[in-house]
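Enquirer: Before we start, here is the structure in question, set down as C-alpha cells.
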Amino acid sequence: MKPGSSAIQMTNAGLEAARPVTAYDEHGQPVVRNIAAERPLTLYLDRQEIVTLMTLGTQPELLILGYLRNQGLVENLADIIAVQVDWEVEAAAVTTRNGNVENMLEKLSHRIVTTGCGQGTIFGQLQANLNRIRLAPQPLRQSTIYELLANLRHYNEIYKQAGAVHGCALCLDSDILFFCEDVGRHNAVDTIAGHMWLHDMEGRDKIFYTTGRLTSEMVIKAAQMEIPVLLSRSGITQMGLDMARKTGMILISRAKGKHFLIYNGHDKMIYDARPRH
C-alpha cells in the first residue's frame with residue numbers, strides 16, 4: 001500500500017446487494033424474486049456536501065475513495081484521515097489532513113452531466129487532463145479476450161439474482177483481479193479505482209472490463225487509472241472513441257462469445273484464435 005494508506009480510518013459498512021420481494025406473474029400468482037437494493041449515499045468532504053450517489057452499497061468505502069480520486073478532489077491518499085459511512089443517515093464523511101481541500105469551490109464549479117446511470121457527473125477540468133495522458137498498450141492476443149470472457153461467466157452474481165446492475169472487472173490478461181457490481185457503471189468503476197488506490201496497484205498492464213457503454217466518462221476514468229485496454233459487451237459513443245484515440249487506449253466493444261469489435265488499437269491485436277465461421 002502507499003505510505004499512509006494503512007492509517008486511514010475506515011468503516012466496513014457494506015450491505016446486501018439484493019433483497020427479496022413479492023411480485024405477481026402473468027397468471028396472477030405471487031412469486032418471490034430478488035431485486036437490486038438501490039440506496040442513496042451522500043458524500044461530505046470535510047463537512048462540505050459534494051454529491052449524492054445511488055449505489056448498491058456493497059463496498060461504499062472503496063466507492064467513495066475512487067470517486068474522490070477520479071474526480072480529482074483528493075490527489076494523495078495520504079491526505080485522507082478517515083472514510084466513515086453511516087447508513088442510518090445515508091451519508092459518508094471524509095476527513096482530510098488539512099481540513100479544507102485546496103481549490104474546492106473551483107473544482108465543484110466545473111461540473112458536466114454525463115450519460116452515466118444514476119449520478120453521472122464529472123468535472124470539466126478532467127477532460128483537459130487527458131492531454132497529459134499517453135497510454136502505451138502492449139500487443140493483445142485474441143485468445144486472451146476469449147479466455148477472459150469465459151472467466152467472466154462465473155461473475156455477475158447480483159445481475160443473475162436481480163438484474164438492474166452493471167459489472168466491472170480489473171483484469172491481468174485473462175485473470176480477474178477484482179470484480180464489482182453496482183446500479184451505475186460509473187460507481188463500479190469508482191469502486192475499482194478506490195481498490196487500486198488503496199492497494200497501490202498500477203494499471204499499465206491491466207485490462208478493464210465493463211458491461212456498460214464505453215462513453216467519454218468511462219474512457220476518462222480508465223485513462224486516469226492508466227489502464228490501456230477497455231473492453232465492453234455493450235456499445236460505444238463518438239466522444240468515447242475520440243478520447244480513446246487521443247490517449248492511445250485500445251477500445252473493444254460488443255464483446256460476447258467469440259464476437260468483438262475493435263474501434264481503436266486494431267494494430268495491437270494478435271489474431272491467434274480466429275473463429276472458423
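Naming scheme: A, B, ... for chains in displayed order of the C-alpha cells; residues 1 onward per chain; ligands 1 onward as shown.
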Within 7 Å of Lys268 (chain A), counting only C-alpha atoms, which residues qualify if same-chain residues fewer than 5 places away don't, as a list in words?
Expert: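 Contacts, in chain order: Gln138, Pro139 and Leu140 of chain A.
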Enquirer: Using only C-alpha atoms, determine which residues lie at most 9 Å from Ile133 (chain A), disregarding the query and same-chain residues fewer than 4 positions distant; provide the list as number ranges by chain.
Expert: A: 129, 223-224, 226, 246-248
Enquirer: Would you save the residues of that selection, restricted to C-alpha atoms, as a PDB file, in the first residue's frame?
Expert:
ATOM      1  CA  ASN A 129      -6.014  16.433 -18.012  1.00  0.00           C
ATOM      2  CA  ALA A 223      -7.191   6.588 -18.658  1.00  0.00           C
ATOM      3  CA  GLN A 224      -6.721   8.227 -15.257  1.00  0.00           C
ATOM      4  CA  GLU A 226      -3.512   4.320 -16.697  1.00  0.00           C
ATOM      5  CA  LYS A 246      -6.408  10.845 -28.052  1.00  0.00           C
ATOM      6  CA  THR A 247      -4.933   8.713 -25.250  1.00  0.00           C
ATOM      7  CA  GLY A 248      -3.961   5.674 -27.322  1.00  0.00           C
TER       8      GLY A 248
END
Enquirer: To test your reading of the structure, identify every residue in region 69-100 of chain A that backbone DSSP assigns to strand (DSSP E or B), and report it as a PyMOL selection string.
Expert: chain A and resi 80-86+91-96
Enquirer: Any chance you can output those residues with N, CA and C atoms as a tab-separated table (two decimals), in the first residue's frame?
Expert:
chain	number	residue	atom	x	y	z
A	80	ILE	N	-5.86	11.69	3.29
A	80	ILE	CA	-7.13	11.27	3.87
A	80	ILE	C	-6.92	10.65	5.25
A	81	ILE	N	-7.64	11.16	6.23
A	81	ILE	CA	-7.56	10.63	7.60
A	81	ILE	C	-8.60	9.54	7.80
A	82	ALA	N	-9.84	9.77	7.33
A	82	ALA	CA	-10.91	8.84	7.63
A	82	ALA	C	-11.98	8.84	6.54
A	83	VAL	N	-12.58	7.66	6.34
A	83	VAL	CA	-13.76	7.49	5.50
A	83	VAL	C	-14.79	6.74	6.35
A	84	GLN	N	-15.83	7.45	6.75
A	84	GLN	CA	-16.82	6.89	7.67
A	84	GLN	C	-18.20	6.87	7.01
A	85	VAL	N	-18.77	5.68	6.86
A	85	VAL	CA	-20.09	5.52	6.25
A	85	VAL	C	-21.11	5.18	7.34
A	86	ASP	N	-22.22	5.91	7.33
A	86	ASP	CA	-23.30	5.68	8.30
A	86	ASP	C	-24.61	5.58	7.52
A	91	ALA	N	-25.08	8.65	4.74
A	91	ALA	CA	-24.01	9.61	4.48
A	91	ALA	C	-22.64	8.97	4.64
A	92	ALA	N	-21.68	9.52	3.90
A	92	ALA	CA	-20.28	9.15	4.02
A	92	ALA	C	-19.48	10.42	4.30
A	93	ALA	N	-18.74	10.42	5.40
A	93	ALA	CA	-17.95	11.59	5.80
A	93	ALA	C	-16.47	11.29	5.60
A	94	VAL	N	-15.82	12.13	4.80
A	94	VAL	CA	-14.38	12.00	4.56
A	94	VAL	C	-13.68	13.18	5.21
A	95	THR	N	-12.65	12.87	5.98
A	95	THR	CA	-11.87	13.90	6.66
A	95	THR	C	-10.46	13.89	6.10
A	96	THR	N	-9.97	15.07	5.70
A	96	THR	CA	-8.60	15.17	5.19
A	96	THR	C	-7.70	15.85	6.22
Enquirer: Considering only C-alpha atoms, give me a table of residues in region 136-204 of chain A that are at most 9 Å from region 250-263 of chain A, with the closest atom pair and distance in Å for each, as JSON lines.
Expert:
{"residue": "A:Pro137", "atom": "CA", "partner": "A:Ile250", "partner_atom": "CA", "distance": 7.2}
{"residue": "A:Ile145", "atom": "CA", "partner": "A:Ala255", "partner_atom": "CA", "distance": 8.5}
{"residue": "A:Tyr146", "atom": "CA", "partner": "A:Lys258", "partner_atom": "CA", "distance": 6.6}
{"residue": "A:Leu149", "atom": "CA", "partner": "A:Lys256", "partner_atom": "CA", "distance": 7.0}
{"residue": "A:Ala150", "atom": "CA", "partner": "A:Gly257", "partner_atom": "CA", "distance": 7.8}
Enquirer: Could those residues be written to a file, using C-alpha atoms, as a PDB file, in the first residue's frame?
Expert:
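In the end it all went to selection_5.pdb:
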ATOM      1  CA  PRO A 137      -0.704  -0.697 -24.644  1.00  0.00           C
ATOM      2  CA  ILE A 145     -10.018 -11.871 -24.854  1.00  0.00           C
ATOM      3  CA  TYR A 146     -11.855 -15.165 -25.316  1.00  0.00           C
ATOM      4  CA  LEU A 149     -14.854 -13.536 -21.434  1.00  0.00           C
ATOM      5  CA  ALA A 150     -15.145 -17.210 -20.467  1.00  0.00           C
TER       6      ALA A 150
END
Enquirer: Residues within 8 Å of Trp197 (chain A), please, as an mmCIF file with N, CA and C atoms, in the first residue's frame. Count only C-alpha atoms; anything in the same chain fewer than 6 positions from it doesn't count.
Expert:
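The result, written out as selection_20.cif:
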data_model
loop_
_atom_site.group_PDB
_atom_site.id
_atom_site.type_symbol
_atom_site.label_atom_id
_atom_site.label_comp_id
_atom_site.auth_asym_id
_atom_site.auth_seq_id
_atom_site.Cartn_x
_atom_site.Cartn_y
_atom_site.Cartn_z
ATOM 1 N N LEU A 65 -13.633 6.408 -2.053
ATOM 2 C CA LEU A 65 -12.228 6.667 -2.377
ATOM 3 C C LEU A 65 -12.029 6.830 -3.886
ATOM 4 N N GLY A 66 -12.629 5.920 -4.657
ATOM 5 C CA GLY A 66 -12.481 6.002 -6.106
ATOM 6 C C GLY A 66 -13.126 7.236 -6.691
ATOM 7 N N LEU A 77 -3.499 9.908 -1.459
ATOM 8 C CA LEU A 77 -4.191 9.061 -0.490
ATOM 9 C C LEU A 77 -3.769 9.396 0.935
#
Enquirer: May I have the residues within 8 Å of region 233-237 of chain A as a ChimeraX atom specification, using only C-alpha atoms and disregarding those fewer than 2 positions away in the same chain?
Expert: /A:210-216,231,239-241,253-256
Enquirer: Of the candidates A:Ile8, A:Ala222, A:Met269, A:Ala13, which one gets nearest to Leu135 (chain A) if we count only C-alpha atoms?
Expert: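 Distance minimum relative to Leu135 (chain A) lands on A:Ala222.
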Enquirer: Give the answer as one residue: which of A:Ile192, A:Ser232, A:Ile270, A:Ala136 has the shortest atom-to-atom distance to Arg204 (chain A), using only C-alpha atoms?
Expert: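 Result for the nearest residue to Arg204 (chain A): A:Ala136.
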Enquirer: Which of these residues is nearest to Gly99 (chain A), using only C-alpha atoms: A:Leu45, A:Ile227, A:Leu15, A:Leu68?
Expert: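 Closest to Gly99 (chain A) of all the choices is A:Leu45.
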Enquirer: For each of A:His199, A:Arg132, A:Arg153, A:Lys221, take the minimum atom-to-atom distance to Arg185 (chain A), counting only C-alpha atoms, then give the residue where this is smallest.
Expert: A:Lys221
Enquirer: Using DSSP secondary structure from the backbone, list all alpha helix (DSSP H) positions within region 58-275 of chain A, as a PyMOL selection string.
Expert: chain A and resi 60-70+104-108+125-129+142-152+157-162+185-198+216-224+238-247
Enquirer: Considering only C-alpha atoms, return as a list in words whatever protein or nucleic-acid residues lie within 9 Å of Tyr271 (chain A), sequence-local ones (same chain, fewer than 3 positions apart) excluded.
Expert: Leu140, Arg141, Gln142, Ser143 and Arg274 of chain A
Enquirer: Could you please determine the separation between CA of Pro20 (chain A) and CA of Val32 (chain A) in Å, to one decimal place?
Expert: 6.3 Å
Enquirer: Rank nothing, just name the residue among A:Met218, A:Ala78, A:Ile50, A:Ala188 nearest to Gln9 (chain A), using only C-alpha atoms.
Expert: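 Going through A:Met218, A:Ala78, A:Ile50, A:Ala188 one by one, the smallest distance to Gln9 (chain A) is for A:Ala78.
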